[in-house]
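Structure first, commentary second.
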Amino acid sequence: MSTTRPAIALQAVIFDWAGTLVDFGSLAPTQIFVDAFKSFDIAITLEQARGPMGLSKWQHIRTLLDDAAIADQWQRYTGRAPTDQDVDAIYARFMPMQIAKVGAYSHPIEGAARMLAWLRERGLKVGSCSGYPREVLDVLLPLAAQDGIAPDHVVAGDELDAGGRPGPFMALANVLALKIGDVAGCIKVDDTVPGIEEGIRAGMWSVGVSLSGNEVGCTREQLAALAPDEVALLKARAEQRLRAAGAHYVIDSVADLPGVVTQIEARLAAGERP
């Protein structure tokens, strides 16, 4: 619940990457989790792979292996329960596959570059963080920059000793790097439940992304092939999950963010906080 305090100005917006700024449907990490597990003769569905999305990739694999159905497969395959060493092995298989494929999914969300330019015209700083490890971001970032997606700061999911989402650490690392004076002057934008929780725990306004993100999990072409009522149902379910995680606002894609920024600026000017 918001409380009235002295007014502050909006200072920065901090974005997730896959499903938020690039990769409509958040396909790159999802399919590669399926492929990495398959290489160990473990079958997981795209829906299962999406479940922990937003976590760092090592923790994502650990969470999948903790799922009863997947752990049962592992037990039958190896004769024992999955361990952290098994997580390491899957992660080692996952990483080169992810590095090889991330470029194919680097296309920006429609309107993302214009939206970032609009933020900068308003004097706002642009941060970002991701569940992607730094090795993957090192491939993705220069490709995204060619399309006008170039935040002022980027934090990878594997580079903070404190850990990643749903903790506030990557968002707060952006606050330090961008020299933000008050976390309430920041907006965190993310398409996953852990990413929304990250923003809430960091004390920021949190904006969920539904149609372009992991919670819907469809390509543009798949959405276009659905009946309007089917799209509306997928969107409503995604919005419900994001709002349940604490999102102050939910938008279809980052192209819709300017309207929310204007509303948050007005609320801050009125003395409200997240």
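By convention in this document, the chains of the structure tokens carry letters A, B, ... by their order, each chain's residues are numbered from 1, and ligands are numbered from 1 in the order they are shown.
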
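Among the residues of range 6-206 of chain A, backbone DSSP assigns strand (DSSP E) to Ala12, Val13, Ile14, Phe15, Lys125, Val126, Gly127, Ser128, Cys129, His153, Val154, Val155, Cys186, Ile187, Lys188, Val189, Asp190, Trp205 and Ser206 of chain A.
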
Save the residues we just selected, all heavy atoms, as a short mmCIF file (atom, residue, chain, number, x, y, z; two decimals), in the first residue's frame?
```cif
data_model
loop_
_atom_site.label_atom_id
_atom_site.label_comp_id
_atom_site.auth_asym_id
_atom_site.auth_seq_id
_atom_site.Cartn_x
_atom_site.Cartn_y
_atom_site.Cartn_z
N ALA A 12 15.19 6.35 -13.15
CA ALA A 12 15.70 5.27 -13.99
C ALA A 12 14.64 4.19 -14.21
O ALA A 12 13.73 4.02 -13.40
CB ALA A 12 16.94 4.63 -13.36
N VAL A 13 14.81 3.47 -15.31
CA VAL A 13 14.01 2.29 -15.59
C VAL A 13 14.98 1.13 -15.82
O VAL A 13 15.94 1.26 -16.58
CB VAL A 13 13.10 2.47 -16.81
CG1 VAL A 13 12.20 1.25 -16.99
CG2 VAL A 13 12.26 3.74 -16.67
N ILE A 14 14.73 0.01 -15.14
CA ILE A 14 15.61 -1.15 -15.20
C ILE A 14 14.85 -2.31 -15.84
O ILE A 14 13.78 -2.69 -15.37
CB ILE A 14 16.09 -1.53 -13.79
CG1 ILE A 14 16.86 -0.36 -13.17
CG2 ILE A 14 16.96 -2.79 -13.83
CD1 ILE A 14 17.11 -0.49 -11.69
N PHE A 15 15.40 -2.85 -16.91
CA PHE A 15 14.70 -3.83 -17.73
C PHE A 15 15.32 -5.22 -17.62
O PHE A 15 16.54 -5.37 -17.50
CB PHE A 15 14.76 -3.43 -19.21
CG PHE A 15 14.01 -2.18 -19.54
CD1 PHE A 15 14.65 -0.94 -19.50
CD2 PHE A 15 12.67 -2.23 -19.91
CE1 PHE A 15 13.98 0.23 -19.81
CE2 PHE A 15 11.99 -1.06 -20.23
CZ PHE A 15 12.63 0.17 -20.17
N LYS A 125 17.67 7.42 -16.84
CA LYS A 125 18.72 6.44 -17.07
C LYS A 125 18.09 5.08 -17.33
O LYS A 125 16.97 4.80 -16.90
CB LYS A 125 19.65 6.38 -15.86
CG LYS A 125 20.38 7.69 -15.60
CD LYS A 125 21.25 7.62 -14.35
CE LYS A 125 21.96 8.95 -14.12
NZ LYS A 125 22.80 8.92 -12.90
N VAL A 126 18.84 4.22 -18.03
CA VAL A 126 18.32 2.92 -18.43
C VAL A 126 19.27 1.83 -17.94
O VAL A 126 20.42 1.75 -18.37
CB VAL A 126 18.17 2.82 -19.97
CG1 VAL A 126 17.69 1.42 -20.36
CG2 VAL A 126 17.20 3.88 -20.48
N GLY A 127 18.77 1.04 -17.01
CA GLY A 127 19.53 -0.10 -16.51
C GLY A 127 18.94 -1.40 -17.01
O GLY A 127 17.88 -1.43 -17.65
N SER A 128 19.61 -2.51 -16.71
CA SER A 128 19.08 -3.81 -17.10
C SER A 128 19.75 -4.91 -16.31
O SER A 128 20.86 -4.75 -15.78
CB SER A 128 19.26 -4.07 -18.60
OG SER A 128 20.63 -4.23 -18.91
N CYS A 129 19.05 -6.03 -16.23
CA CYS A 129 19.62 -7.23 -15.62
C CYS A 129 18.95 -8.44 -16.23
O CYS A 129 17.90 -8.34 -16.86
CB CYS A 129 19.48 -7.21 -14.10
SG CYS A 129 17.83 -6.87 -13.48
N HIS A 153 23.59 0.33 -18.28
CA HIS A 153 24.27 -0.65 -17.42
C HIS A 153 23.57 -2.00 -17.55
O HIS A 153 22.35 -2.05 -17.73
CB HIS A 153 24.25 -0.19 -15.96
CG HIS A 153 25.13 -1.03 -15.06
ND1 HIS A 153 26.50 -1.04 -15.19
CD2 HIS A 153 24.83 -1.88 -14.05
CE1 HIS A 153 27.01 -1.86 -14.28
NE2 HIS A 153 26.02 -2.39 -13.59
N VAL A 154 24.36 -3.07 -17.46
CA VAL A 154 23.82 -4.43 -17.58
C VAL A 154 24.43 -5.29 -16.48
O VAL A 154 25.65 -5.28 -16.28
CB VAL A 154 24.17 -5.06 -18.94
CG1 VAL A 154 23.54 -6.45 -19.05
CG2 VAL A 154 23.71 -4.17 -20.08
N VAL A 155 23.59 -6.04 -15.77
CA VAL A 155 24.05 -6.98 -14.74
C VAL A 155 23.64 -8.38 -15.16
O VAL A 155 22.46 -8.62 -15.49
CB VAL A 155 23.45 -6.65 -13.36
CG1 VAL A 155 23.94 -7.64 -12.31
CG2 VAL A 155 23.80 -5.22 -12.94
N CYS A 186 12.82 4.47 -9.21
CA CYS A 186 13.15 3.48 -10.24
C CYS A 186 11.93 2.64 -10.58
O CYS A 186 11.09 2.34 -9.73
CB CYS A 186 14.25 2.54 -9.75
SG CYS A 186 15.85 3.31 -9.48
N ILE A 187 11.86 2.24 -11.83
CA ILE A 187 10.86 1.28 -12.31
C ILE A 187 11.60 0.02 -12.76
O ILE A 187 12.57 0.11 -13.50
CB ILE A 187 10.05 1.82 -13.49
CG1 ILE A 187 9.32 3.12 -13.11
CG2 ILE A 187 9.07 0.78 -13.99
CD1 ILE A 187 8.66 3.80 -14.30
N LYS A 188 11.15 -1.13 -12.30
CA LYS A 188 11.67 -2.42 -12.78
C LYS A 188 10.64 -3.02 -13.73
O LYS A 188 9.47 -3.16 -13.38
CB LYS A 188 11.92 -3.37 -11.61
CG LYS A 188 12.32 -4.79 -12.03
CD LYS A 188 13.72 -4.80 -12.62
CE LYS A 188 13.93 -6.03 -13.52
NZ LYS A 188 13.68 -7.31 -12.90
N VAL A 189 11.06 -3.41 -14.94
CA VAL A 189 10.17 -3.96 -15.95
C VAL A 189 10.62 -5.38 -16.27
O VAL A 189 11.78 -5.61 -16.62
CB VAL A 189 10.19 -3.11 -17.24
CG1 VAL A 189 9.15 -3.64 -18.24
CG2 VAL A 189 9.94 -1.64 -16.93
N ASP A 190 9.69 -6.34 -16.16
CA ASP A 190 10.07 -7.75 -16.29
C ASP A 190 8.86 -8.58 -16.72
O ASP A 190 7.72 -8.24 -16.40
CB ASP A 190 10.62 -8.28 -14.96
CG ASP A 190 11.57 -9.44 -15.13
OD1 ASP A 190 11.11 -10.53 -15.55
OD2 ASP A 190 12.77 -9.28 -14.83
N TRP A 205 9.00 0.60 -8.21
CA TRP A 205 7.78 0.35 -8.97
C TRP A 205 8.05 -0.83 -9.90
O TRP A 205 9.11 -0.89 -10.53
CB TRP A 205 7.40 1.58 -9.80
CG TRP A 205 7.19 2.83 -9.00
CD1 TRP A 205 8.12 3.78 -8.70
CD2 TRP A 205 5.95 3.26 -8.41
NE1 TRP A 205 7.55 4.78 -7.95
CE2 TRP A 205 6.22 4.49 -7.75
CE3 TRP A 205 4.66 2.73 -8.35
CZ2 TRP A 205 5.25 5.20 -7.06
CZ3 TRP A 205 3.68 3.42 -7.66
CH2 TRP A 205 3.97 4.65 -7.03
N SER A 206 7.14 -1.75 -9.96
CA SER A 206 7.36 -2.94 -10.78
C SER A 206 6.26 -3.08 -11.83
O SER A 206 5.08 -3.03 -11.51
CB SER A 206 7.40 -4.19 -9.90
OG SER A 206 8.56 -4.18 -9.08
#
```

message = Give me the residues near range 161-174 of chain A as an NGL selection string, where near means some atom within 7 Å (using only C-alpha atoms) and where sequence neighbours in that chain fewer than 6 positions away do not count.
response = :A and (54-56 or 127 or 129 or 153 or 155 or 194-195 or 197-199 or 201-202)

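You can rank A:Pro52, A:Gly79, A:Gly131, A:Gly213 by their closest distance to Asp67 in chain A using only C-alpha atoms, and at the top of that list sits A:Pro52.
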
I want to know what sits within 7 Å of range 239-251 of chain A, based on only C-alpha atoms, with residues of the same chain fewer than 2 positions away left out; could you give that as a PDB file with N, CA, C and O atoms, in the first residue's frame?
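File selection-v7.pdb, as written:
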```
ATOM      1  N   VAL A 193       7.703 -13.826 -12.952  1.00  0.00           N
ATOM      2  CA  VAL A 193       7.350 -13.652 -11.546  1.00  0.00           C
ATOM      3  C   VAL A 193       8.584 -13.336 -10.693  1.00  0.00           C
ATOM      4  O   VAL A 193       8.563 -12.384  -9.909  1.00  0.00           O
ATOM      5  N   ILE A 196       9.535  -9.690 -11.202  1.00  0.00           N
ATOM      6  CA  ILE A 196       8.663  -8.743 -10.509  1.00  0.00           C
ATOM      7  C   ILE A 196       8.999  -8.730  -9.020  1.00  0.00           C
ATOM      8  O   ILE A 196       9.098  -7.661  -8.394  1.00  0.00           O
ATOM      9  N   GLU A 197       9.196  -9.910  -8.438  1.00  0.00           N
ATOM     10  CA  GLU A 197       9.551  -9.994  -7.015  1.00  0.00           C
ATOM     11  C   GLU A 197      10.872  -9.268  -6.748  1.00  0.00           C
ATOM     12  O   GLU A 197      11.043  -8.629  -5.704  1.00  0.00           O
ATOM     13  N   ILE A 200      10.072  -5.553  -6.479  1.00  0.00           N
ATOM     14  CA  ILE A 200       9.356  -5.264  -5.237  1.00  0.00           C
ATOM     15  C   ILE A 200      10.318  -5.282  -4.057  1.00  0.00           C
ATOM     16  O   ILE A 200      10.307  -4.386  -3.197  1.00  0.00           O
ATOM     17  N   TRP A 205       8.996   0.598  -8.211  1.00  0.00           N
ATOM     18  CA  TRP A 205       7.779   0.354  -8.971  1.00  0.00           C
ATOM     19  C   TRP A 205       8.054  -0.828  -9.895  1.00  0.00           C
ATOM     20  O   TRP A 205       9.107  -0.891 -10.529  1.00  0.00           O
ATOM     21  N   SER A 206       7.136  -1.754  -9.963  1.00  0.00           N
ATOM     22  CA  SER A 206       7.360  -2.943 -10.780  1.00  0.00           C
ATOM     23  C   SER A 206       6.265  -3.075 -11.831  1.00  0.00           C
ATOM     24  O   SER A 206       5.078  -3.027 -11.506  1.00  0.00           O
ATOM     25  N   VAL A 207       6.701  -3.244 -13.071  1.00  0.00           N
ATOM     26  CA  VAL A 207       5.782  -3.318 -14.213  1.00  0.00           C
ATOM     27  C   VAL A 207       5.965  -4.665 -14.894  1.00  0.00           C
ATOM     28  O   VAL A 207       7.066  -5.013 -15.332  1.00  0.00           O
ATOM     29  N   GLY A 208       4.885  -5.437 -14.975  1.00  0.00           N
ATOM     30  CA  GLY A 208       4.923  -6.725 -15.634  1.00  0.00           C
ATOM     31  C   GLY A 208       4.627  -6.599 -17.113  1.00  0.00           C
ATOM     32  O   GLY A 208       3.901  -5.707 -17.549  1.00  0.00           O
ATOM     33  N   VAL A 209       5.203  -7.511 -17.888  1.00  0.00           N
ATOM     34  CA  VAL A 209       4.979  -7.565 -19.332  1.00  0.00           C
ATOM     35  C   VAL A 209       4.298  -8.895 -19.635  1.00  0.00           C
ATOM     36  O   VAL A 209       4.839  -9.956 -19.304  1.00  0.00           O
ATOM     37  N   SER A 210       3.130  -8.834 -20.280  1.00  0.00           N
ATOM     38  CA  SER A 210       2.347 -10.056 -20.475  1.00  0.00           C
ATOM     39  C   SER A 210       2.536 -10.680 -21.856  1.00  0.00           C
ATOM     40  O   SER A 210       3.174 -11.728 -21.993  1.00  0.00           O
ATOM     41  N   LYS A 235      -3.596 -13.664 -21.982  1.00  0.00           N
ATOM     42  CA  LYS A 235      -3.184 -12.374 -21.429  1.00  0.00           C
ATOM     43  C   LYS A 235      -3.692 -12.210 -19.999  1.00  0.00           C
ATOM     44  O   LYS A 235      -2.953 -11.753 -19.110  1.00  0.00           O
ATOM     45  N   ALA A 236      -4.947 -12.584 -19.748  1.00  0.00           N
ATOM     46  CA  ALA A 236      -5.530 -12.437 -18.407  1.00  0.00           C
ATOM     47  C   ALA A 236      -4.805 -13.326 -17.405  1.00  0.00           C
ATOM     48  O   ALA A 236      -4.541 -12.909 -16.259  1.00  0.00           O
ATOM     49  N   ARG A 237      -4.476 -14.552 -17.805  1.00  0.00           N
ATOM     50  CA  ARG A 237      -3.752 -15.453 -16.902  1.00  0.00           C
ATOM     51  C   ARG A 237      -2.368 -14.906 -16.577  1.00  0.00           C
ATOM     52  O   ARG A 237      -1.912 -14.966 -15.426  1.00  0.00           O
ATOM     53  N   SER A 253       3.445  -5.100 -23.829  1.00  0.00           N
ATOM     54  CA  SER A 253       4.858  -5.120 -24.184  1.00  0.00           C
ATOM     55  C   SER A 253       5.467  -3.783 -23.791  1.00  0.00           C
ATOM     56  O   SER A 253       4.747  -2.845 -23.426  1.00  0.00           O
ATOM     57  N   ASP A 256       4.253  -0.251 -24.685  1.00  0.00           N
ATOM     58  CA  ASP A 256       3.190   0.419 -23.932  1.00  0.00           C
ATOM     59  C   ASP A 256       3.699   1.118 -22.669  1.00  0.00           C
ATOM     60  O   ASP A 256       2.903   1.693 -21.928  1.00  0.00           O
TER      61      ASP A 256
END
```

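Among A:Ile109, A:Leu141, A:Leu211, A:Ala184, the residue with the shortest atom-to-atom distance to Arg5 in chain A, counting only C-alpha atoms, is A:Ala184.
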
request  = Would you kindly return, as a ChimeraX atom specification, each protein, DNA or RNA residue with an atom no farther than 10 Å from any atom of range 221-228 of chain A, considering only C-alpha atoms and excluding same-chain residues fewer than 6 positions away?
outcome  = /A:25,211-212,234

remark   = Closest of A:Val231, A:Ile42, A:Leu268, A:Ala92 to Thr78 in chain A, counting only C-alpha atoms, is A:Ile42

query = Using only C-alpha atoms, which of A:Asp252, A:Asp229, A:Asp191, A:Glu159 sits nearest Lys57 in chain A?
reply = A:Glu159

request  = Do a neighbour search on Thr262 in chain A at 12 Å with only C-alpha atoms, toss out local chain neighbours closer than 2 positions, and write the hits as a PyMOL selection string.
outcome  = chain A and resi 9-10+118-119+122+187+256-260+264-269

query = Distance CA of Ser130 in chain A-CA of Gln59 in chain A, one decimal place?
reply = 13.0 Å

task = Determine, counting only C-alpha atoms, which protein, DNA and RNA residues have an atom within 8 Å of an atom of Val22 in chain A; residues of the same chain fewer than 6 positions away are not included. Present the result as a PyMOL selection string.
result = chain A and resi 105-109+144

request  = Please give the complete set of residues from range 77-253 of chain A that DSSP, run on the backbone, assigns to helix (DSSP H, G or I), formatted as an MDAnalysis selection string.
outcome  = chainID A and resid 77:78 84:105 112:121 134:146 169:178 183:185 193:201 220:225 228:244

inquiry  = Set the distance at 9 Å and use only C-alpha atoms: which residues neighbour Gly51 in chain A once local chain neighbours fewer than 4 positions away are removed? I'd like the list as a PyMOL selection string.
reply    = chain A and resi 46-47+60+63-64+214-215

Any chance you can output those residues with N, CA and C atoms as a PDB file, in the first residue's frame?
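Heads up, here's the output in selection_11.pdb:
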```
ATOM      1  N   LEU A  46       8.068 -27.630 -22.711  1.00  0.00           N
ATOM      2  CA  LEU A  46       8.306 -26.184 -22.730  1.00  0.00           C
ATOM      3  C   LEU A  46       7.639 -25.525 -21.530  1.00  0.00           C
ATOM      4  N   GLU A  47       6.468 -26.005 -21.159  1.00  0.00           N
ATOM      5  CA  GLU A  47       5.770 -25.430 -20.000  1.00  0.00           C
ATOM      6  C   GLU A  47       6.567 -25.643 -18.725  1.00  0.00           C
ATOM      7  N   HIS A  60      17.856 -22.054 -12.070  1.00  0.00           N
ATOM      8  CA  HIS A  60      16.733 -22.529 -12.885  1.00  0.00           C
ATOM      9  C   HIS A  60      16.820 -24.051 -13.052  1.00  0.00           C
ATOM     10  N   THR A  63      16.067 -25.808  -9.793  1.00  0.00           N
ATOM     11  CA  THR A  63      14.632 -25.807  -9.515  1.00  0.00           C
ATOM     12  C   THR A  63      13.907 -26.846 -10.353  1.00  0.00           C
ATOM     13  N   LEU A  64      14.304 -26.991 -11.619  1.00  0.00           N
ATOM     14  CA  LEU A  64      13.698 -28.018 -12.463  1.00  0.00           C
ATOM     15  C   LEU A  64      13.988 -29.415 -11.915  1.00  0.00           C
ATOM     16  N   ASN A 214       7.363 -14.383 -21.014  1.00  0.00           N
ATOM     17  CA  ASN A 214       7.381 -15.781 -20.642  1.00  0.00           C
ATOM     18  C   ASN A 214       6.031 -16.296 -20.176  1.00  0.00           C
ATOM     19  N   GLU A 215       5.239 -15.457 -19.525  1.00  0.00           N
ATOM     20  CA  GLU A 215       3.983 -15.932 -18.951  1.00  0.00           C
ATOM     21  C   GLU A 215       2.965 -16.321 -20.016  1.00  0.00           C
TER      22      GLU A 215
END
```
